[in-house]
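S.K.: So that you have it, the file is my_file-v3.txt, and it contains compact mmCIF, C-alpha atoms:
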# COMPACT_ATOMS: atom_id res chain seq x y z
CA MET A 1 103.42 87.93 94.06
CA GLN A 2 106.89 88.05 95.60
CA GLU A 3 110.10 89.52 94.20
CA THR A 4 113.49 90.61 95.55
CA ILE A 5 114.83 94.10 94.81
CA VAL A 6 118.62 94.49 94.99
CA ILE A 7 120.09 97.88 95.97
CA ARG A 8 123.74 99.02 96.05
CA THR A 9 124.60 101.43 98.87
CA ASP A 10 127.50 103.91 98.73
CA HIS A 11 127.78 105.33 102.26
CA PRO A 12 128.25 103.93 105.80
CA ASN A 13 124.88 105.46 106.79
CA GLY A 14 122.24 106.59 104.29
CA LEU A 15 118.60 106.46 103.20
CA TYR A 16 117.74 105.19 99.69
CA ASP A 17 114.29 105.81 98.21
CA ILE A 18 112.85 102.54 96.81
CA THR A 19 109.25 103.74 96.37
CA GLU A 20 109.20 103.56 92.57
CA ARG A 21 110.55 100.02 92.55
CA VAL A 22 107.82 98.93 94.96
CA ARG A 23 105.16 100.72 92.85
CA ASP A 24 106.35 98.79 89.80
CA ARG A 25 105.87 95.45 91.58
CA ILE A 26 102.33 96.39 92.63
CA ALA A 27 101.44 97.45 89.07
CA ALA A 28 102.86 94.17 87.73
CA SER A 29 100.82 92.15 90.25
CA GLY A 30 97.48 93.56 89.09
CA VAL A 31 96.29 93.60 92.73
CA LYS A 32 93.58 96.22 93.35
CA THR A 33 92.93 95.87 97.09
CA GLY A 34 95.56 94.36 99.36
CA LEU A 35 98.83 94.84 101.19
CA VAL A 36 102.48 95.04 100.22
CA ASN A 37 105.18 93.95 102.68
CA VAL A 38 108.67 95.40 102.11
CA TYR A 39 111.33 93.47 104.07
CA VAL A 40 115.11 94.04 104.06
CA GLN A 41 117.35 91.04 104.73
CA GLY A 42 120.38 91.87 106.89
CA ALA A 43 120.65 92.84 110.56
CA THR A 44 122.36 96.21 109.92
CA ALA A 45 119.71 97.84 107.68
CA ALA A 46 116.05 98.84 108.04
CA ILE A 47 112.98 100.09 106.17
CA MET A 48 111.47 103.49 107.05
CA ILE A 49 108.51 105.44 105.67
CA GLN A 50 109.60 109.08 105.50
CA GLU A 51 109.21 112.37 103.62
CA ASN A 52 111.26 112.90 100.46
CA TRP A 53 110.70 116.56 99.56
CA ASP A 54 114.48 116.98 99.62
CA GLU A 55 117.38 115.35 101.49
CA SER A 56 116.93 117.31 104.72
CA VAL A 57 114.75 114.78 106.56
CA GLN A 58 116.97 111.90 105.39
CA ASN A 59 120.02 113.72 106.80
CA ASP A 60 118.14 114.42 110.03
CA VAL A 61 117.29 110.69 110.41
CA ILE A 62 121.01 109.83 110.22
CA THR A 63 121.89 112.66 112.66
CA LEU A 64 119.21 111.57 115.15
CA LEU A 65 120.22 107.89 115.07
CA LYS A 66 123.93 108.75 115.50
CA LYS A 67 122.98 110.81 118.57
CA LEU A 68 120.68 108.14 120.08
CA VAL A 69 123.01 105.23 119.23
CA PRO A 70 126.65 106.41 119.41
CA ARG A 71 129.37 104.43 117.61
CA GLY A 72 132.07 102.34 119.30
CA VAL A 73 130.67 102.04 122.84
CA TRP A 74 128.93 98.63 122.63
CA GLU A 75 129.78 95.15 123.90
CA HIS A 76 129.38 93.80 120.33
CA ASP A 77 132.14 96.18 119.14
CA HIS A 78 134.72 93.91 120.79
CA GLN A 79 134.11 91.29 118.04
CA ASP A 80 132.82 93.45 115.28
CA SER A 81 132.82 97.23 114.93
CA ASN A 82 129.17 97.53 113.91
CA GLY A 83 127.30 97.33 117.22
CA ASP A 84 125.65 100.67 116.53
CA ALA A 85 124.37 99.43 113.14
CA HIS A 86 122.65 96.41 114.74
CA LEU A 87 120.99 98.63 117.34
CA LYS A 88 119.74 101.18 114.77
CA SER A 89 118.40 98.29 112.67
CA GLY A 90 116.53 96.79 115.64
CA LEU A 91 115.09 100.17 116.66
CA ILE A 92 113.71 101.05 113.18
CA GLY A 93 112.89 97.49 112.11
CA PRO A 94 113.37 95.55 108.85
CA SER A 95 109.94 95.96 107.28
CA GLU A 96 106.85 98.03 106.55
CA THR A 97 103.43 96.72 105.49
CA ILE A 98 101.44 99.20 103.37
CA PRO A 99 97.89 99.02 101.99
CA ILE A 100 97.16 98.76 98.25
CA ILE A 101 94.10 100.88 97.39
CA ASN A 102 92.46 100.82 93.93
CA GLY A 103 95.58 99.23 92.47
CA LYS A 104 97.94 101.87 93.89
CA ILE A 105 100.17 101.95 96.97
CA GLY A 106 98.37 103.69 99.86
CA LEU A 107 101.16 106.16 100.69
CA SER A 108 100.21 109.81 101.25
CA THR A 109 101.78 112.60 99.18
CA TRP A 110 104.82 112.94 101.45
CA GLN A 111 105.33 109.30 102.41
CA ASN A 112 108.10 107.44 100.60
CA ILE A 113 109.71 104.04 101.31
CA PHE A 114 113.40 104.14 102.22
CA LEU A 115 116.04 101.50 102.69
CA CYS A 116 118.12 102.62 105.70
CA GLU A 117 121.78 101.59 105.42
CA PHE A 118 123.61 101.56 108.76
CA ASP A 119 126.72 99.52 107.87
CA GLY A 120 127.59 100.37 104.28
CA PRO A 121 128.69 100.67 101.64
CA ARG A 122 127.29 97.32 100.44
CA GLU A 123 127.29 95.89 96.93
CA GLU A 124 123.94 94.18 97.55
CA ARG A 125 121.09 94.95 99.94
CA ARG A 126 118.26 92.50 99.27
CA ILE A 127 114.68 93.70 99.83
CA VAL A 128 111.82 91.19 99.52
CA VAL A 129 108.55 92.68 98.23
CA THR A 130 105.46 90.51 98.86
CA VAL A 131 102.08 91.58 97.44
CA PHE A 132 98.84 90.21 98.91
CA ASP A 133 95.43 90.30 97.28
CA CYS A 134 92.59 91.08 99.69
CA ASN A 135 89.93 90.38 97.05
CA ALA A 136 91.21 87.06 95.71
CA LYS A 137 87.95 85.39 96.72
CA GLU A 138 85.71 87.91 94.95
CA LYS A 139 87.87 87.97 91.83
CA ARG A 140 87.95 84.21 91.31
CA THR A 141 85.48 82.70 88.82
CA PRO A 142 84.71 79.12 87.77
CA GLY A 143 86.55 79.86 84.53
CA SER A 144 89.78 80.23 86.49
CA PHE A 145 89.79 76.50 87.27
CA MET B 1 87.87 94.33 103.44
CA GLN B 2 89.42 97.79 103.43
CA GLU B 3 88.10 101.04 104.87
CA THR B 4 89.50 104.46 105.81
CA ILE B 5 88.89 105.88 109.29
CA VAL B 6 89.11 109.69 109.57
CA ILE B 7 90.21 111.25 112.89
CA ARG B 8 90.33 114.92 113.93
CA THR B 9 93.24 115.83 116.23
CA ASP B 10 93.20 118.80 118.63
CA HIS B 11 96.79 119.08 119.92
CA PRO B 12 100.28 119.49 118.41
CA ASN B 13 101.30 116.16 119.99
CA GLY B 14 98.82 113.57 121.28
CA LEU B 15 97.70 109.94 121.27
CA TYR B 16 94.15 109.07 120.14
CA ASP B 17 92.66 105.63 120.90
CA ILE B 18 91.15 104.13 117.71
CA THR B 19 90.72 100.55 119.02
CA GLU B 20 86.91 100.53 118.96
CA ARG B 21 86.79 101.78 115.38
CA VAL B 22 89.16 99.00 114.29
CA ARG B 23 87.09 96.40 116.22
CA ASP B 24 83.97 97.57 114.35
CA ARG B 25 85.65 96.99 110.98
CA ILE B 26 86.70 93.47 111.98
CA ALA B 27 83.18 92.62 113.18
CA ALA B 28 81.73 93.97 109.90
CA SER B 29 84.19 91.87 107.86
CA GLY B 30 83.06 88.57 109.38
CA VAL B 31 86.68 87.35 109.33
CA LYS B 32 87.36 84.71 112.01
CA THR B 33 91.10 84.03 111.56
CA GLY B 34 93.32 86.61 109.90
CA LEU B 35 95.21 89.86 110.24
CA VAL B 36 94.27 93.52 110.38
CA ASN B 37 96.69 96.17 109.14
CA VAL B 38 96.19 99.71 110.51
CA TYR B 39 98.10 102.31 108.46
CA VAL B 40 98.13 106.11 108.91
CA GLN B 41 98.71 108.26 105.85
CA GLY B 42 100.92 111.30 106.52
CA ALA B 43 104.63 111.56 107.37
CA THR B 44 104.10 113.37 110.72
CA ALA B 45 101.90 110.78 112.47
CA ALA B 46 102.28 107.16 113.56
CA ILE B 47 100.42 104.12 114.95
CA MET B 48 101.41 102.71 118.37
CA ILE B 49 100.08 99.80 120.43
CA GLN B 50 100.03 100.99 124.04
CA GLU B 51 98.25 100.71 127.40
CA ASN B 52 95.12 102.79 127.99
CA TRP B 53 94.34 102.34 131.68
CA ASP B 54 94.44 106.13 132.00
CA GLU B 55 96.28 108.98 130.23
CA SER B 56 99.57 108.55 132.10
CA VAL B 57 101.30 106.28 129.55
CA GLN B 58 100.05 108.43 126.67
CA ASN B 59 101.54 111.52 128.36
CA ASP B 60 104.78 109.63 129.00
CA VAL B 61 105.03 108.68 125.30
CA ILE B 62 104.85 112.38 124.34
CA THR B 63 107.38 113.31 127.06
CA LEU B 64 109.82 110.60 125.97
CA LEU B 65 109.62 111.50 122.28
CA LYS B 66 110.09 115.22 123.01
CA LYS B 67 113.23 114.30 125.00
CA LEU B 68 114.64 111.94 122.34
CA VAL B 69 113.71 114.20 119.40
CA PRO B 70 113.92 117.85 120.48
CA ARG B 71 112.09 120.53 118.48
CA GLY B 72 113.74 123.18 116.28
CA VAL B 73 117.25 121.74 115.90
CA TRP B 74 116.93 119.91 112.55
CA GLU B 75 118.08 120.66 109.00
CA HIS B 76 114.47 120.25 107.79
CA ASP B 77 113.38 123.08 110.14
CA HIS B 78 114.95 125.59 107.73
CA GLN B 79 112.13 124.92 105.22
CA ASP B 80 109.42 123.73 107.50
CA SER B 81 109.20 123.83 111.28
CA ASN B 82 108.17 120.19 111.71
CA GLY B 83 111.46 118.29 111.46
CA ASP B 84 110.88 116.72 114.88
CA ALA B 85 107.44 115.45 113.77
CA HIS B 86 108.93 113.63 110.76
CA LEU B 87 111.59 112.00 112.93
CA LYS B 88 109.10 110.85 115.59
CA SER B 89 106.90 109.46 112.80
CA GLY B 90 109.81 107.52 111.25
CA LEU B 91 110.92 106.17 114.63
CA ILE B 92 107.48 104.84 115.66
CA GLY B 93 106.28 103.92 112.15
CA PRO B 94 102.96 104.36 110.31
CA SER B 95 101.38 100.96 110.87
CA GLU B 96 100.71 97.93 113.05
CA THR B 97 99.58 94.49 111.85
CA ILE B 98 97.54 92.58 114.46
CA PRO B 99 96.11 89.03 114.42
CA ILE B 100 92.38 88.32 114.29
CA ILE B 101 91.56 85.31 116.52
CA ASN B 102 88.08 83.71 116.63
CA GLY B 103 86.60 86.80 114.98
CA LYS B 104 88.12 89.22 117.52
CA ILE B 105 91.21 91.42 117.44
CA GLY B 106 94.16 89.65 119.14
CA LEU B 107 95.08 92.50 121.51
CA SER B 108 95.76 91.66 125.16
CA THR B 109 93.78 93.30 127.98
CA TRP B 110 96.08 96.33 128.16
CA GLN B 111 96.92 96.75 124.48
CA ASN B 112 95.07 99.47 122.60
CA ILE B 113 95.67 100.99 119.15
CA PHE B 114 96.61 104.67 119.11
CA LEU B 115 97.01 107.25 116.39
CA CYS B 116 100.06 109.34 117.37
CA GLU B 117 99.77 112.96 116.24
CA PHE B 118 103.13 114.77 116.07
CA ASP B 119 102.18 117.82 113.97
CA GLY B 120 98.63 118.75 114.91
CA PRO B 121 96.01 119.86 115.25
CA ARG B 122 94.67 118.41 111.99
CA GLU B 123 91.13 118.38 110.67
CA GLU B 124 91.67 114.98 109.04
CA ARG B 125 94.08 112.15 109.80
CA ARG B 126 93.32 109.24 107.44
CA ILE B 127 93.89 105.69 108.73
CA VAL B 128 93.48 102.78 106.31
CA VAL B 129 92.21 99.55 107.93
CA THR B 130 92.75 96.39 105.82
CA VAL B 131 91.36 93.05 107.03
CA PHE B 132 92.77 89.77 105.70
CA ASP B 133 91.12 86.36 105.91
CA CYS B 134 93.55 83.53 106.71
CA ASN B 135 90.90 80.84 106.17
CA ALA B 136 89.46 82.00 102.85
CA LYS B 137 90.48 78.72 101.26
CA GLU B 138 88.83 76.48 103.85
CA LYS B 139 85.67 78.59 103.94
CA ARG B 140 85.10 78.64 100.18
CA THR B 141 82.74 76.09 98.62
CA PRO B 142 81.65 75.42 95.03
CA GLY B 143 78.33 76.98 95.99
CA SER B 144 80.04 80.31 96.53
CA PHE B 145 80.65 80.62 92.79
CA MET C 1 97.36 78.86 109.96
CA GLN C 2 97.47 80.52 113.36
CA GLU C 3 99.00 79.27 116.62
CA THR C 4 100.07 80.76 119.95
CA ILE C 5 103.59 80.16 121.28
CA VAL C 6 103.98 80.47 125.07
CA ILE C 7 107.36 81.61 126.49
CA ARG C 8 108.53 81.83 130.13
CA THR C 9 110.87 84.75 130.88
CA ASP C 10 113.35 84.76 133.76
CA HIS C 11 114.69 88.34 133.91
CA PRO C 12 113.21 91.85 134.27
CA ASN C 13 114.69 92.76 130.86
CA GLY C 14 115.87 90.21 128.31
CA LEU C 15 115.74 89.00 124.71
CA TYR C 16 114.57 85.43 123.97
CA ASP C 17 115.20 83.86 120.56
CA ILE C 18 111.96 82.31 119.18
CA THR C 19 113.15 81.79 115.60
CA GLU C 20 113.05 77.99 115.67
CA ARG C 21 109.53 77.92 117.05
CA VAL C 22 108.37 80.22 114.24
CA ARG C 23 110.20 78.07 111.63
CA ASP C 24 108.35 75.00 112.94
CA ARG C 25 104.97 76.69 112.42
CA ILE C 26 105.86 77.63 108.84
CA ALA C 27 107.01 74.08 108.06
CA ALA C 28 103.78 72.70 109.55
CA SER C 29 101.68 75.11 107.45
CA GLY C 30 103.11 73.88 104.13
CA VAL C 31 103.02 77.46 102.82
CA LYS C 32 105.62 78.06 100.08
CA THR C 33 105.17 81.79 99.32
CA GLY C 34 103.61 84.09 101.89
CA LEU C 35 104.07 86.04 105.07
CA VAL C 36 104.31 85.19 108.76
CA ASN C 37 103.17 87.70 111.39
CA VAL C 38 104.66 87.29 114.89
CA TYR C 39 102.70 89.28 117.50
CA VAL C 40 103.28 89.41 121.27
CA GLN C 41 100.27 90.07 123.51
CA GLY C 42 101.06 92.36 126.46
CA ALA C 43 101.94 96.07 126.59
CA THR C 44 105.34 95.57 128.31
CA ALA C 45 107.01 93.29 125.73
CA ALA C 46 107.98 93.55 122.05
CA ILE C 47 109.26 91.60 119.03
CA MET C 48 112.63 92.54 117.48
CA ILE C 49 114.60 91.12 114.55
CA GLN C 50 118.23 91.08 115.61
CA GLU C 51 121.57 89.27 115.27
CA ASN C 52 122.20 86.19 117.42
CA TRP C 53 125.88 85.39 116.85
CA ASP C 54 126.33 85.56 120.64
CA GLU C 55 124.66 87.49 123.49
CA SER C 56 126.52 90.75 122.92
CA VAL C 57 123.92 92.44 120.70
CA GLN C 58 121.10 91.27 122.97
CA ASN C 59 122.90 92.83 125.95
CA ASP C 60 123.50 96.02 123.96
CA VAL C 61 119.77 96.27 123.13
CA ILE C 62 118.94 96.19 126.86
CA THR C 63 121.71 98.72 127.64
CA LEU C 64 120.53 101.10 124.89
CA LEU C 65 116.86 100.95 125.93
CA LYS C 66 117.73 101.52 129.60
CA LYS C 67 119.70 104.61 128.54
CA LEU C 68 116.99 105.97 126.22
CA VAL C 69 114.11 105.12 128.59
CA PRO C 70 115.32 105.45 132.22
CA ARG C 71 113.39 103.70 134.99
CA GLY C 72 111.29 105.42 137.67
CA VAL C 73 110.88 108.90 136.15
CA TRP C 74 107.48 108.55 134.44
CA GLU C 75 103.95 109.75 135.28
CA HIS C 76 102.71 106.15 135.01
CA ASP C 77 105.13 105.11 137.79
CA HIS C 78 102.85 106.78 140.32
CA GLN C 79 100.28 103.96 139.82
CA ASP C 80 102.50 101.21 138.62
CA SER C 81 106.28 100.94 138.61
CA ASN C 82 106.60 99.81 134.99
CA GLY C 83 106.30 103.05 133.01
CA ASP C 84 109.66 102.39 131.35
CA ALA C 85 108.49 98.94 130.19
CA HIS C 86 105.42 100.39 128.44
CA LEU C 87 107.56 103.00 126.67
CA LYS C 88 110.17 100.46 125.50
CA SER C 89 107.33 98.24 124.25
CA GLY C 90 105.73 101.11 122.29
CA LEU C 91 109.08 102.17 120.79
CA ILE C 92 110.03 98.66 119.53
CA GLY C 93 106.49 97.48 118.76
CA PRO C 94 104.64 94.19 119.36
CA SER C 95 105.08 92.51 115.98
CA GLU C 96 107.16 91.74 112.91
CA THR C 97 105.85 90.53 109.54
CA ILE C 98 108.37 88.42 107.60
CA PRO C 99 108.21 86.92 104.09
CA ILE C 100 108.04 83.16 103.49
CA ILE C 101 110.17 82.25 100.42
CA ASN C 102 110.19 78.74 98.92
CA GLY C 103 108.65 77.33 102.09
CA LYS C 104 111.28 78.90 104.39
CA ILE C 105 111.29 82.05 106.51
CA GLY C 106 112.93 84.93 104.61
CA LEU C 107 115.40 85.91 107.35
CA SER C 108 119.03 86.54 106.38
CA THR C 109 121.89 84.59 107.98
CA TRP C 110 122.18 86.97 110.95
CA GLN C 111 118.52 87.83 111.46
CA ASN C 112 116.71 86.09 114.28
CA ILE C 113 113.32 86.74 115.89
CA PHE C 114 113.41 87.78 119.55
CA LEU C 115 110.78 88.27 122.20
CA CYS C 116 111.84 91.37 124.17
CA GLU C 117 110.83 91.18 127.84
CA PHE C 118 110.72 94.59 129.56
CA ASP C 119 108.73 93.74 132.71
CA GLY C 120 109.68 90.21 133.69
CA PRO C 121 110.05 87.63 134.86
CA ARG C 122 106.73 86.28 133.55
CA GLU C 123 105.38 82.74 133.67
CA GLU C 124 103.65 83.20 130.31
CA ARG C 125 104.32 85.50 127.37
CA ARG C 126 101.88 84.68 124.59
CA ILE C 127 103.05 85.16 120.97
CA VAL C 128 100.54 84.70 118.15
CA VAL C 129 102.04 83.33 114.90
CA THR C 130 99.83 83.80 111.82
CA VAL C 131 100.93 82.31 108.47
CA PHE C 132 99.50 83.64 105.19
CA ASP C 133 99.61 81.91 101.82
CA CYS C 134 100.32 84.25 98.91
CA ASN C 135 99.71 81.53 96.32
CA ALA C 136 96.42 80.11 97.63
CA LYS C 137 94.72 81.00 94.34
CA GLU C 138 97.27 79.32 92.10
CA LYS C 139 97.52 76.23 94.31
CA ARG C 140 93.77 75.58 94.54
CA THR C 141 92.24 73.03 92.17
CA PRO C 142 88.67 71.77 91.65
CA GLY C 143 89.75 68.54 93.36
CA SER C 144 90.32 70.48 96.58
CA PHE C 145 86.57 70.98 96.95
Go ahead and render the structure in this file as structure tokens.
M.R.:
Amino acid sequence: MQETIVIRTDHPNGLYDITERVRDRIAASGVKTGLVNVYVQGATAAIMIQENWDESVQNDVITLLKKLVPRGVWEHDHQDSNGDAHLKSGLIGPSETIPIINGKIGLSTWQNIFLCEFDGPREERRIVVTVFDCNAKEKRTPGSF
Amino acid sequence: MQETIVIRTDHPNGLYDITERVRDRIAASGVKTGLVNVYVQGATAAIMIQENWDESVQNDVITLLKKLVPRGVWEHDHQDSNGDAHLKSGLIGPSETIPIINGKIGLSTWQNIFLCEFDGPREERRIVVTVFDCNAKEKRTPGSF
Amino acid sequence: MQETIVIRTDHPNGLYDITERVRDRIAASGVKTGLVNVYVQGATAAIMIQENWDESVQNDVITLLKKLVPRGVWEHDHQDSNGDAHLKSGLIGPSETIPIINGKIGLSTWQNIFLCEFDGPREERRIVVTVFDCNAKEKRTPGSF
């Protein structure tokens, strides 16, 4: 099962919790044991697994990345002012692959799935959710042919 | 095939080699060509592929992350003193997905799989190992139904 | 479907675009909906999704990593002079897993797949490409047995 989630972002840099939307896709797939891959298209965004007790950790992620990857000092900024966004995106990476256990996403209590926006706001960030069934073989029966 | 490995950690920050335990799961699965996903539950740990000739690189990983993500300076530290652990976890990420080639894990000589503990010690770190078979289709026969 | 791509690198640090070689493997596989995992063997290299409009972002990635992970200051350097390469490799990670959508790789316009060399030049960097079919079940028919 594969579907694209579309998210609107409203800040230059921000984290957006997409966990519930991924849970919905897994429930719809009926997969009991497998993996879900969450992949953001676009070279100035990323996917991060992070705590969502409140906004403090999300703010700290933005603060840390601004410190590690300052704005406006990159070769790419001579063509385009978003060199820092590309570097943050490459450092965090565009995807996470998460187990599906007993039909539910295998996140722990404090793990949530975030879209990281590094060059917003954007009307449309497209996130591809692909669900894999680990037990396809066992679940298939002659009746299914 | 999916199983959970449980690891006890004995330091606030440390790397723990789990390669042999992942190899055992692959051998038990009988999968010849596929992928293995290794995912740690918990937003203050991570999974890293790294050299294990001796402890020097493991110590250097801890030193680097302490330098990049100092302790005690984060917004999250006002509620909980582990803001640095969440940031290290988000930067490294909770999983790795590794090919299975001819029934063996596709690591090179110097690649090993490590649990990274950033907020230990912990009695239980839970790591979900999911093995996927790339050749299920070819291997299936009418007799298997 | 699983194949190994071999790349020659010609600099100590550099990014090498392998997108077309991965696209070829997906086309050869005939998979319409699935995932492709791109995994580099070797603990001093990595795989990064990044823009390839020109070389500026690639140069900025090298500049950033040299700043974050300086050379020659690590415990591992006492045995081997490549401590920085191991740390860069662990920070970026050895693989990316990317969706396959309608038979094509699910990269956006500006996303390309790069081998990151951190300890070159090397005659041979080995990258394992594993293609998974999400629709194997639906596509299989009794005639295929």
S.K.: Given identical sequences, can you show me chain B least-squares superposed on chain A via all its Cα atoms in order, as a tab-separated table (two decimals) with C-alpha atoms, in the coordinates of the input?
M.R.:
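Here's the written file out23.tsv:
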chain	number	residue	atom	x	y	z
B	1	MET	CA	103.45	87.93	94.01
B	2	GLN	CA	106.92	88.07	95.54
B	3	GLU	CA	110.12	89.55	94.16
B	4	THR	CA	113.52	90.63	95.52
B	5	ILE	CA	114.85	94.12	94.79
B	6	VAL	CA	118.65	94.51	94.99
B	7	ILE	CA	120.12	97.91	95.98
B	8	ARG	CA	123.76	99.05	96.04
B	9	THR	CA	124.62	101.46	98.88
B	10	ASP	CA	127.53	103.94	98.75
B	11	HIS	CA	127.79	105.34	102.30
B	12	PRO	CA	128.25	103.95	105.83
B	13	ASN	CA	124.88	105.47	106.82
B	14	GLY	CA	122.25	106.61	104.31
B	15	LEU	CA	118.62	106.47	103.21
B	16	TYR	CA	117.76	105.21	99.70
B	17	ASP	CA	114.30	105.83	98.21
B	18	ILE	CA	112.88	102.56	96.80
B	19	THR	CA	109.26	103.76	96.35
B	20	GLU	CA	109.23	103.58	92.55
B	21	ARG	CA	110.57	100.03	92.53
B	22	VAL	CA	107.83	98.94	94.95
B	23	ARG	CA	105.17	100.74	92.83
B	24	ASP	CA	106.38	98.80	89.76
B	25	ARG	CA	105.90	95.47	91.55
B	26	ILE	CA	102.36	96.41	92.59
B	27	ALA	CA	101.46	97.48	89.04
B	28	ALA	CA	102.89	94.19	87.68
B	29	SER	CA	100.86	92.17	90.21
B	30	GLY	CA	97.51	93.57	89.05
B	31	VAL	CA	96.31	93.59	92.68
B	32	LYS	CA	93.60	96.22	93.29
B	33	THR	CA	92.95	95.87	97.05
B	34	GLY	CA	95.59	94.35	99.30
B	35	LEU	CA	98.83	94.83	101.16
B	36	VAL	CA	102.48	95.04	100.20
B	37	ASN	CA	105.18	93.95	102.64
B	38	VAL	CA	108.68	95.40	102.08
B	39	TYR	CA	111.34	93.48	104.04
B	40	VAL	CA	115.13	94.03	104.04
B	41	GLN	CA	117.36	91.05	104.70
B	42	GLY	CA	120.39	91.87	106.87
B	43	ALA	CA	120.64	92.84	110.56
B	44	THR	CA	122.36	96.22	109.91
B	45	ALA	CA	119.71	97.83	107.68
B	46	ALA	CA	116.07	98.83	108.04
B	47	ILE	CA	112.98	100.08	106.15
B	48	MET	CA	111.48	103.49	107.05
B	49	ILE	CA	108.51	105.43	105.67
B	50	GLN	CA	109.60	109.07	105.50
B	51	GLU	CA	109.23	112.37	103.62
B	52	ASN	CA	111.28	112.91	100.46
B	53	TRP	CA	110.72	116.57	99.57
B	54	ASP	CA	114.50	116.99	99.65
B	55	GLU	CA	117.41	115.36	101.52
B	56	SER	CA	116.94	117.31	104.76
B	57	VAL	CA	114.75	114.76	106.58
B	58	GLN	CA	116.97	111.90	105.40
B	59	ASN	CA	120.02	113.72	106.83
B	60	ASP	CA	118.13	114.41	110.05
B	61	VAL	CA	117.28	110.69	110.42
B	62	ILE	CA	121.00	109.83	110.25
B	63	THR	CA	121.87	112.65	112.69
B	64	LEU	CA	119.20	111.56	115.18
B	65	LEU	CA	120.20	107.89	115.09
B	66	LYS	CA	123.90	108.73	115.52
B	67	LYS	CA	122.94	110.79	118.60
B	68	LEU	CA	120.66	108.12	120.10
B	69	VAL	CA	122.99	105.21	119.25
B	70	PRO	CA	126.61	106.39	119.41
B	71	ARG	CA	129.34	104.41	117.63
B	72	GLY	CA	132.06	102.34	119.33
B	73	VAL	CA	130.64	102.03	122.86
B	74	TRP	CA	128.90	98.62	122.65
B	75	GLU	CA	129.75	95.13	123.90
B	76	HIS	CA	129.36	93.80	120.33
B	77	ASP	CA	132.12	96.19	119.16
B	78	HIS	CA	134.70	93.90	120.79
B	79	GLN	CA	134.09	91.28	118.05
B	80	ASP	CA	132.83	93.45	115.28
B	81	SER	CA	132.82	97.22	114.94
B	82	ASN	CA	129.17	97.52	113.92
B	83	GLY	CA	127.29	97.32	117.22
B	84	ASP	CA	125.62	100.68	116.55
B	85	ALA	CA	124.37	99.43	113.15
B	86	HIS	CA	122.64	96.42	114.74
B	87	LEU	CA	120.96	98.62	117.34
B	88	LYS	CA	119.73	101.17	114.78
B	89	SER	CA	118.41	98.28	112.67
B	90	GLY	CA	116.52	96.77	115.64
B	91	LEU	CA	115.09	100.14	116.65
B	92	ILE	CA	113.71	101.03	113.19
B	93	GLY	CA	112.88	97.46	112.10
B	94	PRO	CA	113.36	95.53	108.83
B	95	SER	CA	109.94	95.95	107.25
B	96	GLU	CA	106.85	98.03	106.53
B	97	THR	CA	103.44	96.70	105.46
B	98	ILE	CA	101.45	99.20	103.35
B	99	PRO	CA	97.89	99.02	101.94
B	100	ILE	CA	97.17	98.75	98.22
B	101	ILE	CA	94.10	100.87	97.35
B	102	ASN	CA	92.48	100.83	93.87
B	103	GLY	CA	95.61	99.22	92.43
B	104	LYS	CA	97.97	101.87	93.86
B	105	ILE	CA	100.18	101.95	96.94
B	106	GLY	CA	98.38	103.69	99.84
B	107	LEU	CA	101.17	106.16	100.68
B	108	SER	CA	100.23	109.81	101.25
B	109	THR	CA	101.78	112.61	99.17
B	110	TRP	CA	104.82	112.94	101.45
B	111	GLN	CA	105.34	109.30	102.40
B	112	ASN	CA	108.10	107.44	100.60
B	113	ILE	CA	109.72	104.05	101.29
B	114	PHE	CA	113.40	104.14	102.22
B	115	LEU	CA	116.06	101.50	102.69
B	116	CYS	CA	118.13	102.63	105.69
B	117	GLU	CA	121.78	101.59	105.42
B	118	PHE	CA	123.61	101.57	108.77
B	119	ASP	CA	126.71	99.53	107.87
B	120	GLY	CA	127.60	100.38	104.29
B	121	PRO	CA	128.69	100.67	101.66
B	122	ARG	CA	127.32	97.34	100.42
B	123	GLU	CA	127.31	95.91	96.93
B	124	GLU	CA	123.96	94.20	97.53
B	125	ARG	CA	121.12	94.96	99.93
B	126	ARG	CA	118.27	92.50	99.26
B	127	ILE	CA	114.69	93.71	99.81
B	128	VAL	CA	111.85	91.20	99.49
B	129	VAL	CA	108.57	92.69	98.19
B	130	THR	CA	105.47	90.52	98.81
B	131	VAL	CA	102.09	91.59	97.40
B	132	PHE	CA	98.86	90.22	98.86
B	133	ASP	CA	95.43	90.29	97.23
B	134	CYS	CA	92.59	91.08	99.64
B	135	ASN	CA	89.91	90.39	97.03
B	136	ALA	CA	91.15	87.06	95.68
B	137	LYS	CA	87.92	85.42	96.77
B	138	GLU	CA	85.60	87.89	95.05
B	139	LYS	CA	87.70	87.94	91.88
B	140	ARG	CA	87.85	84.17	91.42
B	141	THR	CA	85.33	82.47	89.13
B	142	PRO	CA	84.75	78.83	88.15
B	143	GLY	CA	86.27	79.73	84.79
B	144	SER	CA	89.59	80.41	86.47
B	145	PHE	CA	90.01	76.70	87.19
S.K.: Return the single residue from C:Ser56, C:Thr33, C:Gln41, C:Asn135 that is closest to chain B, with distances computed using only C-alpha atoms.
M.R.: C:Gln41
S.K.: One number please: atom CA of Ser108 of chain C to atom CA of Val36 of chain C, in Å, one decimal.
M.R.: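 Between atom CA of Ser108 of chain C and atom CA of Val36 of chain C the gap works out to 15.0 Å.
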S.K.: Residues of chain C no more than 8 Å from chain B, counting only C-alpha atoms: send them over as an NGL selection string.
M.R.: :C and (1-2 or 37 or 39 or 41-43 or 68-69 or 74-76 or 83 or 86-87 or 89-95 or 97 or 128 or 130-133 or 136 or 145)
